[in-house]
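This report concerns only the one structure given below.
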Amino acid sequence: MIVIGLLSSVFGLMFMIRTIREWQDQALISKGVLTKIGTVYFAMLIASHLVFDSLVWIFVGAFIPPFGLSQAELFIHSRCRKKLCHGFFPLIQEIILLMKMGTGFRSAFHRAIGQSEDPYFRIKLSELMQSVVFSQQAIGSQQGFPSGILGFWCREFQKIDQQGHRAVERLENLRRKLQIENDFRRRSGQVLAQLHLQSILLSTLYVMLLMFVILQFGFLENWRMILLSFTLFFSGALVSYLLGGKIRWKV
Amino acid sequence: MEGLAPPLLCLLEVRLSLENGRSVNQALAEFSSEARGEFGDSLREWRILYEKGLSSQDFIVRQKSPYRRALLGLFERGLRGEPILTGLNDLEKELVEACRNQVELHLRRLPILGLIPLMLLQAPAFLLLLFGPILGDLLGRLAG
């Protein structure tokens with residue numbers, strides 16, 4: 001049993017190290033956070049061996065955290081994409097300022113990339129810059145970013161790079177478009193934030209009250225009442241969610 | 001909730017394309033191929049009517065929003081070869097203001113609308129949990 005426990009811990013550790021290395025290569029989160037995750041996991045592994053006698057708990061301690069982490073990758077990617085969207089406005093600002101001081105577009109772009117603090121954003125921008133600089137050379141069949149937010153920026157920057165005149169005016173127009181989009185996203189985001197906060201607070205209170213009622217009065221004795229209450233609460237939450245959904249533009 | 005109203009998004013995309021040297025027709029073709037929703041469908045329908053030489057004016061007049069009517073009218077002038085960039089810039093300011101007003105109105109209404117499910121559904125759910133078991137216990141004892 002000890003051997004199986006140790007083997008499972010070793011496999012779990014390898015799985016965790018592999019996941020962390022992948023995240024590090026893609027710069028999805030900072031090195032400090034990754035080190036902390038690794039340390040906590042290692043401590044959990046040792047604790048699961050020392051505290052629990054059962055093999056089940058050792059398996060859980062060894063495999064559940066790395067599995068959970070690999071599933072969290074989707075969420076992390078989504079968060080990074082949002083950061084990417086927000087990061088283009090300061091980038092454009094920086095490029096415009098540098099170009100107005102006499103720097104060319106490519107040099108300004110390169111320097112603006114260097115100013116960025118986020119490693120994930122820097123990696124993506126470097127790939128974007130390569131697509132822009134080597135756009136006229138056929139390197140592989142799918143050069144650059146064909147679609148999505150990066151595809152849009154790749155095409156815009158390529159046009160600006162290829163037609164050198166009026167580059168600053170084009171960038172300023174892009175910035176104005178971004179400014180309007182960001183302004184509306186911020187305002188409409190306020191609506192969602194209010195509703196989500198209200199919903200989370202109410203749901204937390206409800207769950208706590210539900211647990212208290214079940215522990216104090218029992219579930220089987222009051223199952224009809226609990227079911228009715230849960231249905232009412234869930235319907236209310238659903239209606240609240242739908243109310244704060246997409247705005248119906250009358251414009 | 002999405003960020004921009006579809007007519008405003010269309011105006012910004014078309015204006016950016018025009019400033020990048022594209023024609024109105026190319027800009028509209030690119031936007032309408034990707035646009036989704038009711039406005040995207042309207043735009044595609046209007047383009048088909050215009051290209052076939054049918055009564056696109058009637059279609060424009062039937063649009064409920066004055067901003068959409070103004071935008072489609074501008075696009076028609078652009079397709080006929082008239083310069084529309086200044087018109088687009090002016091309409092953009094109006095559209096941005098109108099969108100801002102609608103979002104502000106929505107923000108003001110939302111807390112009041114949010115009270116309806118709260119009072120009618122969620123508050124009774126809480127009361128049921130709070131008093132239900134106690135009342136059930138009391139009624140049981142009275143009956144027994």
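Naming works like this for the structure tokens: A, B, ... for the chains as they're shown, residue 1 at the start of each chain, ligands 1 onward in shown order.
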Excluding A:Phe89 and residues on its chain fewer than 2 positions from it, collect all residues at most 9 Å away from it, counting only C-alpha atoms, and give them as a PyMOL selection string. chain A and resi 85-87+91-94+175+178-179+182
Neighbours of chain B in chain A at 9 Å, counting only C-alpha atoms, as a short mmCIF file (atom, residue, chain, number, x, y, z; two decimals) with all heavy atoms, in the first residue's frame:
data_model
loop_
_atom_site.label_atom_id
_atom_site.label_comp_id
_atom_site.auth_asym_id
_atom_site.auth_seq_id
_atom_site.Cartn_x
_atom_site.Cartn_y
_atom_site.Cartn_z
N GLU A 156 -4.94 45.12 -39.40
CA GLU A 156 -4.87 46.58 -39.26
C GLU A 156 -3.41 47.03 -39.25
O GLU A 156 -3.05 47.99 -39.95
CB GLU A 156 -5.56 47.05 -37.98
CG GLU A 156 -7.07 46.87 -37.96
CD GLU A 156 -7.75 47.64 -39.08
OE1 GLU A 156 -7.31 48.77 -39.40
OE2 GLU A 156 -8.71 47.10 -39.67
N LYS A 159 -1.77 46.78 -42.68
CA LYS A 159 -2.15 47.89 -43.58
C LYS A 159 -1.35 49.15 -43.22
O LYS A 159 -0.86 49.87 -44.08
CB LYS A 159 -3.63 48.21 -43.43
CG LYS A 159 -4.55 47.30 -44.22
CD LYS A 159 -5.99 47.65 -43.93
CE LYS A 159 -6.82 46.40 -43.80
NZ LYS A 159 -8.05 46.57 -43.08
N ILE A 160 -1.24 49.41 -41.92
CA ILE A 160 -0.53 50.61 -41.47
C ILE A 160 0.96 50.49 -41.84
O ILE A 160 1.58 51.46 -42.28
CB ILE A 160 -0.69 50.81 -39.95
CG1 ILE A 160 -2.15 51.18 -39.64
CG2 ILE A 160 0.24 51.89 -39.43
CD1 ILE A 160 -2.49 51.18 -38.16
N ARG A 170 -4.37 56.97 -39.07
CA ARG A 170 -5.06 55.66 -39.02
C ARG A 170 -5.05 55.12 -37.60
O ARG A 170 -6.05 54.58 -37.12
CB ARG A 170 -4.37 54.66 -39.94
CG ARG A 170 -4.62 54.91 -41.38
CD ARG A 170 -4.46 53.65 -42.21
NE ARG A 170 -4.89 53.94 -43.57
CZ ARG A 170 -4.06 54.22 -44.57
NH1 ARG A 170 -2.76 54.21 -44.38
NH2 ARG A 170 -4.54 54.49 -45.77
N ASN A 173 -7.55 56.96 -35.52
CA ASN A 173 -8.92 56.49 -35.78
C ASN A 173 -9.19 55.18 -35.07
O ASN A 173 -10.27 54.98 -34.48
CB ASN A 173 -9.15 56.31 -37.28
CG ASN A 173 -9.27 57.63 -37.99
OD1 ASN A 173 -9.76 58.59 -37.41
ND2 ASN A 173 -8.80 57.69 -39.21
N LEU A 174 -8.21 54.30 -35.09
CA LEU A 174 -8.34 53.01 -34.39
C LEU A 174 -8.53 53.26 -32.89
O LEU A 174 -9.36 52.63 -32.24
CB LEU A 174 -7.06 52.18 -34.56
CG LEU A 174 -7.08 51.09 -35.63
CD1 LEU A 174 -5.72 50.41 -35.69
CD2 LEU A 174 -8.15 50.06 -35.34
N LYS A 177 -12.02 54.45 -32.09
CA LYS A 177 -12.97 53.32 -32.14
C LYS A 177 -12.86 52.50 -30.85
O LYS A 177 -13.86 52.16 -30.23
CB LYS A 177 -12.67 52.45 -33.35
CG LYS A 177 -13.54 51.22 -33.49
CD LYS A 177 -13.20 50.47 -34.77
CE LYS A 177 -14.00 49.19 -34.87
NZ LYS A 177 -13.45 48.07 -34.11
N ILE A 180 -14.46 54.34 -27.84
CA ILE A 180 -15.91 54.24 -27.79
C ILE A 180 -16.32 52.85 -27.32
O ILE A 180 -17.19 52.71 -26.45
CB ILE A 180 -16.53 54.55 -29.18
CG1 ILE A 180 -16.29 56.01 -29.54
CG2 ILE A 180 -18.01 54.25 -29.22
CD1 ILE A 180 -16.68 56.36 -30.95
N GLU A 181 -15.70 51.83 -27.86
CA GLU A 181 -16.03 50.45 -27.45
C GLU A 181 -15.78 50.25 -25.96
O GLU A 181 -16.62 49.70 -25.25
CB GLU A 181 -15.18 49.45 -28.26
CG GLU A 181 -15.68 49.23 -29.66
CD GLU A 181 -14.82 48.23 -30.42
OE1 GLU A 181 -13.94 47.61 -29.81
OE2 GLU A 181 -15.04 48.07 -31.63
N ASN A 182 -14.62 50.72 -25.49
CA ASN A 182 -14.28 50.53 -24.06
C ASN A 182 -15.26 51.28 -23.16
O ASN A 182 -15.64 50.78 -22.11
CB ASN A 182 -12.85 51.01 -23.77
CG ASN A 182 -11.82 50.06 -24.34
OD1 ASN A 182 -12.13 48.95 -24.73
ND2 ASN A 182 -10.58 50.52 -24.42
N ASP A 183 -15.66 52.47 -23.59
CA ASP A 183 -16.58 53.27 -22.81
C ASP A 183 -17.92 52.54 -22.64
O ASP A 183 -18.44 52.43 -21.52
CB ASP A 183 -16.81 54.63 -23.50
CG ASP A 183 -17.63 55.56 -22.65
OD1 ASP A 183 -17.40 55.58 -21.42
OD2 ASP A 183 -18.51 56.26 -23.19
N PHE A 184 -18.43 51.99 -23.73
CA PHE A 184 -19.71 51.30 -23.63
C PHE A 184 -19.58 49.98 -22.88
O PHE A 184 -20.48 49.62 -22.13
CB PHE A 184 -20.31 51.08 -25.02
CG PHE A 184 -21.04 52.27 -25.51
CD1 PHE A 184 -20.49 53.09 -26.48
CD2 PHE A 184 -22.26 52.63 -24.97
CE1 PHE A 184 -21.15 54.22 -26.90
CE2 PHE A 184 -22.93 53.76 -25.40
CZ PHE A 184 -22.37 54.55 -26.36
N ARG A 185 -18.48 49.29 -23.07
CA ARG A 185 -18.29 48.03 -22.33
C ARG A 185 -18.24 48.30 -20.84
O ARG A 185 -18.78 47.54 -20.05
CB ARG A 185 -17.01 47.33 -22.76
CG ARG A 185 -17.19 46.57 -24.03
CD ARG A 185 -16.28 45.41 -24.23
NE ARG A 185 -16.62 44.85 -25.53
CZ ARG A 185 -16.01 45.15 -26.67
NH1 ARG A 185 -15.00 45.97 -26.67
NH2 ARG A 185 -16.41 44.63 -27.81
N ARG A 186 -17.59 49.42 -20.48
CA ARG A 186 -17.47 49.75 -19.05
C ARG A 186 -18.84 50.07 -18.48
O ARG A 186 -19.21 49.57 -17.41
CB ARG A 186 -16.52 50.94 -18.89
CG ARG A 186 -16.14 51.27 -17.46
CD ARG A 186 -15.14 52.43 -17.41
NE ARG A 186 -15.47 53.51 -18.30
CZ ARG A 186 -16.35 54.47 -18.04
NH1 ARG A 186 -17.02 54.44 -16.91
NH2 ARG A 186 -16.58 55.43 -18.90
N ARG A 187 -19.63 50.85 -19.21
CA ARG A 187 -20.94 51.22 -18.70
C ARG A 187 -21.87 50.01 -18.62
O ARG A 187 -22.56 49.81 -17.63
CB ARG A 187 -21.59 52.27 -19.62
CG ARG A 187 -21.04 53.65 -19.41
CD ARG A 187 -21.45 54.54 -20.57
NE ARG A 187 -20.74 55.79 -20.54
CZ ARG A 187 -21.20 56.89 -19.95
NH1 ARG A 187 -22.35 56.87 -19.33
NH2 ARG A 187 -20.50 57.99 -19.97
N SER A 188 -21.88 49.22 -19.67
CA SER A 188 -22.78 48.05 -19.64
C SER A 188 -22.26 47.01 -18.65
O SER A 188 -23.04 46.25 -18.09
CB SER A 188 -22.95 47.46 -21.03
OG SER A 188 -21.73 47.04 -21.55
N GLY A 189 -20.95 47.02 -18.40
CA GLY A 189 -20.38 46.11 -17.41
C GLY A 189 -20.84 46.43 -16.01
O GLY A 189 -20.96 45.55 -15.16
N GLN A 190 -21.14 47.71 -15.76
CA GLN A 190 -21.64 48.13 -14.43
C GLN A 190 -22.95 47.42 -14.10
O GLN A 190 -23.17 46.99 -12.98
CB GLN A 190 -21.93 49.64 -14.42
CG GLN A 190 -20.71 50.50 -14.29
CD GLN A 190 -21.06 51.97 -14.37
OE1 GLN A 190 -22.23 52.34 -14.52
NE2 GLN A 190 -20.07 52.81 -14.29
N VAL A 191 -23.79 47.29 -15.12
CA VAL A 191 -25.10 46.66 -14.94
C VAL A 191 -24.91 45.21 -14.51
O VAL A 191 -25.47 44.77 -13.51
CB VAL A 191 -25.90 46.73 -16.26
CG1 VAL A 191 -27.20 45.98 -16.13
CG2 VAL A 191 -26.15 48.18 -16.64
N LEU A 192 -24.10 44.50 -15.27
CA LEU A 192 -23.86 43.09 -14.95
C LEU A 192 -23.21 42.93 -13.58
O LEU A 192 -23.57 42.02 -12.83
CB LEU A 192 -22.96 42.46 -16.01
CG LEU A 192 -23.66 41.96 -17.27
CD1 LEU A 192 -22.63 41.41 -18.23
CD2 LEU A 192 -24.70 40.92 -16.94
N GLN A 194 -23.45 44.81 -10.91
CA GLN A 194 -24.45 45.01 -9.85
C GLN A 194 -25.28 43.76 -9.65
O GLN A 194 -25.47 43.27 -8.53
CB GLN A 194 -25.41 46.14 -10.24
CG GLN A 194 -24.94 47.52 -9.89
CD GLN A 194 -25.94 48.56 -10.36
OE1 GLN A 194 -27.05 48.24 -10.79
NE2 GLN A 194 -25.55 49.80 -10.29
N LEU A 195 -25.79 43.23 -10.78
CA LEU A 195 -26.68 42.07 -10.71
C LEU A 195 -25.94 40.85 -10.19
O LEU A 195 -26.49 40.09 -9.39
CB LEU A 195 -27.24 41.77 -12.09
CG LEU A 195 -28.33 42.71 -12.57
CD1 LEU A 195 -28.69 42.38 -13.99
CD2 LEU A 195 -29.55 42.61 -11.68
N LEU A 202 -27.11 36.98 -2.33
CA LEU A 202 -28.37 36.32 -2.00
C LEU A 202 -28.21 34.80 -2.01
O LEU A 202 -28.73 34.11 -1.13
CB LEU A 202 -29.45 36.72 -3.00
CG LEU A 202 -30.17 38.02 -2.70
CD1 LEU A 202 -31.08 38.38 -3.83
CD2 LEU A 202 -30.95 37.95 -1.41
N TYR A 206 -28.77 32.24 1.05
CA TYR A 206 -29.77 31.20 0.91
C TYR A 206 -29.18 29.83 1.20
O TYR A 206 -29.77 29.01 1.92
CB TYR A 206 -30.38 31.25 -0.50
CG TYR A 206 -31.48 30.24 -0.68
CD1 TYR A 206 -32.76 30.50 -0.21
CD2 TYR A 206 -31.23 29.01 -1.30
CE1 TYR A 206 -33.77 29.57 -0.35
CE2 TYR A 206 -32.24 28.08 -1.43
CZ TYR A 206 -33.50 28.37 -0.96
OH TYR A 206 -34.50 27.45 -1.10
N LEU A 209 -28.63 29.37 4.88
CA LEU A 209 -29.90 29.15 5.58
C LEU A 209 -30.42 27.74 5.31
O LEU A 209 -30.92 27.06 6.21
CB LEU A 209 -30.91 30.20 5.12
CG LEU A 209 -32.26 30.22 5.81
CD1 LEU A 209 -32.08 30.48 7.30
CD2 LEU A 209 -33.15 31.30 5.20
N LEU A 210 -30.26 27.30 4.06
CA LEU A 210 -30.71 25.97 3.68
C LEU A 210 -29.95 24.89 4.47
O LEU A 210 -30.55 23.94 5.00
CB LEU A 210 -30.50 25.78 2.18
CG LEU A 210 -31.04 24.49 1.55
CD1 LEU A 210 -32.55 24.47 1.66
CD2 LEU A 210 -30.63 24.41 0.08
N VAL A 213 -31.22 24.85 8.04
CA VAL A 213 -32.54 24.22 8.18
C VAL A 213 -32.42 22.71 8.07
O VAL A 213 -33.03 21.96 8.84
CB VAL A 213 -33.50 24.80 7.11
CG1 VAL A 213 -34.72 23.94 6.95
CG2 VAL A 213 -33.88 26.22 7.45
N PHE A 217 -33.54 20.78 11.31
CA PHE A 217 -34.87 20.17 11.25
C PHE A 217 -34.91 18.89 10.42
O PHE A 217 -35.92 18.21 10.41
CB PHE A 217 -35.87 21.18 10.67
CG PHE A 217 -36.01 22.42 11.49
CD1 PHE A 217 -35.37 23.59 11.10
CD2 PHE A 217 -36.76 22.43 12.65
CE1 PHE A 217 -35.50 24.74 11.87
CE2 PHE A 217 -36.90 23.57 13.41
CZ PHE A 217 -36.26 24.73 13.03
N GLU A 221 -37.91 15.22 6.65
CA GLU A 221 -39.15 15.67 7.31
C GLU A 221 -39.74 16.89 6.63
O GLU A 221 -40.93 17.16 6.71
CB GLU A 221 -38.87 16.03 8.78
CG GLU A 221 -38.45 14.86 9.64
CD GLU A 221 -36.95 14.61 9.60
OE1 GLU A 221 -36.26 15.15 8.70
OE2 GLU A 221 -36.48 13.86 10.46
N ASN A 222 -38.89 17.66 5.95
CA ASN A 222 -39.33 18.93 5.36
C ASN A 222 -39.03 19.03 3.87
O ASN A 222 -38.88 20.12 3.33
CB ASN A 222 -38.61 20.11 6.07
CG ASN A 222 -38.90 20.14 7.53
OD1 ASN A 222 -40.01 20.42 7.94
ND2 ASN A 222 -37.88 19.81 8.33
N MET A 225 -41.26 21.32 1.59
CA MET A 225 -41.07 22.75 1.84
C MET A 225 -39.73 23.22 1.27
O MET A 225 -39.64 24.27 0.65
CB MET A 225 -41.13 22.98 3.36
CG MET A 225 -41.11 24.42 3.77
SD MET A 225 -39.46 25.02 4.17
CE MET A 225 -38.81 23.81 5.24
N ILE A 226 -38.70 22.39 1.45
CA ILE A 226 -37.36 22.74 0.95
C ILE A 226 -37.37 22.79 -0.57
O ILE A 226 -36.82 23.70 -1.19
CB ILE A 226 -36.30 21.73 1.46
CG1 ILE A 226 -36.06 21.93 2.95
CG2 ILE A 226 -34.99 21.86 0.69
CD1 ILE A 226 -35.20 20.86 3.60
N LEU A 228 -39.97 23.37 -2.54
CA LEU A 228 -40.74 24.55 -2.98
C LEU A 228 -39.89 25.81 -2.84
O LEU A 228 -39.84 26.66 -3.74
CB LEU A 228 -42.01 24.66 -2.14
CG LEU A 228 -42.93 25.85 -2.45
CD1 LEU A 228 -43.44 25.79 -3.89
CD2 LEU A 228 -44.12 25.88 -1.48
N SER A 229 -39.22 25.93 -1.70
CA SER A 229 -38.38 27.11 -1.46
C SER A 229 -37.26 27.19 -2.49
O SER A 229 -36.98 28.27 -3.04
CB SER A 229 -37.80 27.01 -0.05
OG SER A 229 -36.81 27.99 0.12
N PHE A 230 -36.60 26.06 -2.77
CA PHE A 230 -35.50 26.04 -3.74
C PHE A 230 -36.00 26.42 -5.13
O PHE A 230 -35.35 27.18 -5.84
CB PHE A 230 -34.84 24.66 -3.75
CG PHE A 230 -33.66 24.58 -4.65
CD1 PHE A 230 -32.43 25.10 -4.27
CD2 PHE A 230 -33.76 24.02 -5.93
CE1 PHE A 230 -31.33 25.06 -5.12
CE2 PHE A 230 -32.67 23.98 -6.78
CZ PHE A 230 -31.45 24.50 -6.38
N THR A 231 -37.17 25.91 -5.50
CA THR A 231 -37.74 26.22 -6.82
C THR A 231 -38.02 27.71 -6.93
O THR A 231 -37.70 28.34 -7.95
CB THR A 231 -39.03 25.42 -7.05
OG1 THR A 231 -38.80 24.05 -6.78
CG2 THR A 231 -39.53 25.57 -8.47
N LEU A 232 -38.62 28.28 -5.87
CA LEU A 232 -38.93 29.72 -5.89
C LEU A 232 -37.64 30.52 -6.02
O LEU A 232 -37.55 31.46 -6.82
CB LEU A 232 -39.65 30.12 -4.61
CG LEU A 232 -41.13 29.80 -4.53
CD1 LEU A 232 -41.66 30.08 -3.13
CD2 LEU A 232 -41.92 30.59 -5.56
N PHE A 233 -36.64 30.15 -5.21
CA PHE A 233 -35.40 30.92 -5.21
C PHE A 233 -34.69 30.82 -6.56
O PHE A 233 -34.22 31.81 -7.11
CB PHE A 233 -34.46 30.44 -4.09
CG PHE A 233 -33.22 31.28 -3.98
CD1 PHE A 233 -33.25 32.46 -3.24
CD2 PHE A 233 -32.04 30.93 -4.61
CE1 PHE A 233 -32.13 33.27 -3.15
CE2 PHE A 233 -30.92 31.73 -4.52
CZ PHE A 233 -30.97 32.90 -3.79
N PHE A 234 -34.64 29.61 -7.09
CA PHE A 234 -33.96 29.40 -8.37
C PHE A 234 -34.66 30.16 -9.50
O PHE A 234 -34.02 30.77 -10.34
CB PHE A 234 -33.91 27.90 -8.67
CG PHE A 234 -33.16 27.57 -9.92
CD1 PHE A 234 -31.77 27.63 -9.94
CD2 PHE A 234 -33.82 27.22 -11.09
CE1 PHE A 234 -31.06 27.34 -11.10
CE2 PHE A 234 -33.12 26.93 -12.25
CZ PHE A 234 -31.75 27.00 -12.26
N SER A 235 -36.02 30.15 -9.47
CA SER A 235 -36.78 30.89 -10.50
C SER A 235 -36.48 32.38 -10.39
O SER A 235 -36.30 33.06 -11.41
CB SER A 235 -38.28 30.67 -10.33
OG SER A 235 -38.56 29.31 -10.24
N GLY A 236 -36.43 32.87 -9.15
CA GLY A 236 -36.13 34.30 -8.95
C GLY A 236 -34.75 34.65 -9.46
O GLY A 236 -34.56 35.68 -10.12
N ALA A 237 -33.78 33.76 -9.20
CA ALA A 237 -32.41 34.01 -9.66
C ALA A 237 -32.36 34.00 -11.18
O ALA A 237 -31.67 34.83 -11.80
CB ALA A 237 -31.47 32.94 -9.09
N LEU A 238 -33.10 33.09 -11.80
CA LEU A 238 -33.11 33.00 -13.27
C LEU A 238 -33.72 34.25 -13.89
O LEU A 238 -33.19 34.81 -14.86
CB LEU A 238 -33.92 31.76 -13.67
CG LEU A 238 -33.79 31.28 -15.11
CD1 LEU A 238 -32.37 30.85 -15.39
CD2 LEU A 238 -34.75 30.12 -15.37
N VAL A 239 -34.83 34.71 -13.30
CA VAL A 239 -35.49 35.92 -13.83
C VAL A 239 -34.55 37.13 -13.68
O VAL A 239 -34.43 37.94 -14.60
CB VAL A 239 -36.83 36.16 -13.12
CG1 VAL A 239 -37.41 37.51 -13.48
CG2 VAL A 239 -37.82 35.06 -13.48
N SER A 240 -33.88 37.23 -12.53
CA SER A 240 -32.92 38.33 -12.32
C SER A 240 -31.82 38.29 -13.37
O SER A 240 -31.42 39.33 -13.90
CB SER A 240 -32.25 38.24 -10.96
OG SER A 240 -33.16 38.42 -9.95
N LEU A 243 -33.16 39.41 -16.71
CA LEU A 243 -33.44 40.84 -16.74
C LEU A 243 -32.19 41.65 -17.07
O LEU A 243 -32.21 42.62 -17.78
CB LEU A 243 -33.95 41.32 -15.37
CG LEU A 243 -35.44 41.24 -15.13
CD1 LEU A 243 -35.74 41.65 -13.71
CD2 LEU A 243 -36.19 42.15 -16.10
N GLY A 244 -31.07 41.19 -16.48
CA GLY A 244 -29.84 41.96 -16.67
C GLY A 244 -29.03 41.51 -17.85
O GLY A 244 -27.87 41.89 -18.00
N GLY A 245 -29.65 40.70 -18.69
CA GLY A 245 -28.92 40.17 -19.83
C GLY A 245 -28.67 41.23 -20.88
O GLY A 245 -28.46 42.38 -20.57
N LYS A 246 -28.75 40.81 -22.15
CA LYS A 246 -28.41 41.74 -23.24
C LYS A 246 -29.39 42.90 -23.31
O LYS A 246 -30.58 42.70 -23.17
CB LYS A 246 -28.44 41.00 -24.58
CG LYS A 246 -27.34 39.99 -24.71
CD LYS A 246 -27.24 39.50 -26.13
CE LYS A 246 -26.02 38.60 -26.24
NZ LYS A 246 -25.63 38.37 -27.61
N ILE A 247 -28.85 44.07 -23.53
CA ILE A 247 -29.71 45.24 -23.68
C ILE A 247 -30.34 45.17 -25.06
O ILE A 247 -29.70 44.78 -26.05
CB ILE A 247 -28.89 46.54 -23.48
CG1 ILE A 247 -29.80 47.73 -23.34
CG2 ILE A 247 -27.91 46.75 -24.60
CD1 ILE A 247 -29.10 49.00 -22.89
N ARG A 248 -31.67 45.54 -25.13
CA ARG A 248 -32.31 45.57 -26.45
C ARG A 248 -32.13 46.97 -27.00
O ARG A 248 -32.84 47.89 -26.60
CB ARG A 248 -33.79 45.26 -26.30
CG ARG A 248 -34.06 43.79 -26.03
CD ARG A 248 -35.53 43.57 -25.72
NE ARG A 248 -35.81 42.16 -25.71
CZ ARG A 248 -36.53 41.54 -26.63
NH1 ARG A 248 -37.05 42.22 -27.61
NH2 ARG A 248 -36.74 40.25 -26.57
N TRP A 249 -31.20 47.10 -27.93
CA TRP A 249 -30.92 48.41 -28.46
C TRP A 249 -32.09 48.94 -29.27
O TRP A 249 -32.56 48.30 -30.20
CB TRP A 249 -29.67 48.37 -29.35
CG TRP A 249 -28.41 48.12 -28.57
CD1 TRP A 249 -27.67 46.99 -28.54
CD2 TRP A 249 -27.74 49.06 -27.72
NE1 TRP A 249 -26.58 47.15 -27.72
CE2 TRP A 249 -26.60 48.42 -27.21
CE3 TRP A 249 -27.98 50.39 -27.33
CZ2 TRP A 249 -25.69 49.04 -26.34
CZ3 TRP A 249 -27.09 50.99 -26.47
CH2 TRP A 249 -25.97 50.33 -25.99
N LYS A 250 -32.55 50.13 -28.91
CA LYS A 250 -33.61 50.77 -29.68
C LYS A 250 -33.01 51.75 -30.69
O LYS A 250 -33.70 52.30 -31.53
CB LYS A 250 -34.54 51.53 -28.74
CG LYS A 250 -35.36 50.60 -27.87
CD LYS A 250 -36.15 51.35 -26.83
CE LYS A 250 -36.75 50.40 -25.82
NZ LYS A 250 -37.23 51.05 -24.62
N VAL A 251 -31.72 51.95 -30.60
CA VAL A 251 -31.04 52.89 -31.48
C VAL A 251 -30.93 52.34 -32.89
O VAL A 251 -30.70 51.17 -33.07
CB VAL A 251 -29.63 53.17 -30.92
CG1 VAL A 251 -28.80 53.90 -31.91
CG2 VAL A 251 -29.72 53.94 -29.64
#
List the neighbours of stretch 46-49 of chain A out to 8 Å using only C-alpha atoms; skip same-chain residues closer than 6 positions along the sequence, and give me the result as a list in words. Gly5, Trp57, Ile58 and Gly61 of chain A
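Counting from atom CA of A:Ala43, the distance to atom CA of A:Glu73 is 22.1 Å.
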Surrounding residues of A:Tyr41 excluding itself and chain neighbours under 4 positions, 8 Å, only C-alpha atoms, as a list in words: Ile37, Leu45 and Pro65 of chain A
Just to be explicit: take each residue in the selection above, keep N, CA and C atoms, and write the result as a compact mmCIF listing (two decimals), in the first residue's frame.
# COMPACT_ATOMS: atom_id res chain seq x y z
N ILE A 37 1.82 27.51 -6.19
CA ILE A 37 0.94 26.37 -6.49
C ILE A 37 1.72 25.06 -6.28
N LEU A 45 0.56 16.78 -0.70
CA LEU A 45 0.97 15.39 -0.93
C LEU A 45 1.54 14.78 0.36
N PRO A 65 -5.84 17.74 -7.44
CA PRO A 65 -5.31 19.09 -7.71
C PRO A 65 -4.76 19.28 -9.13
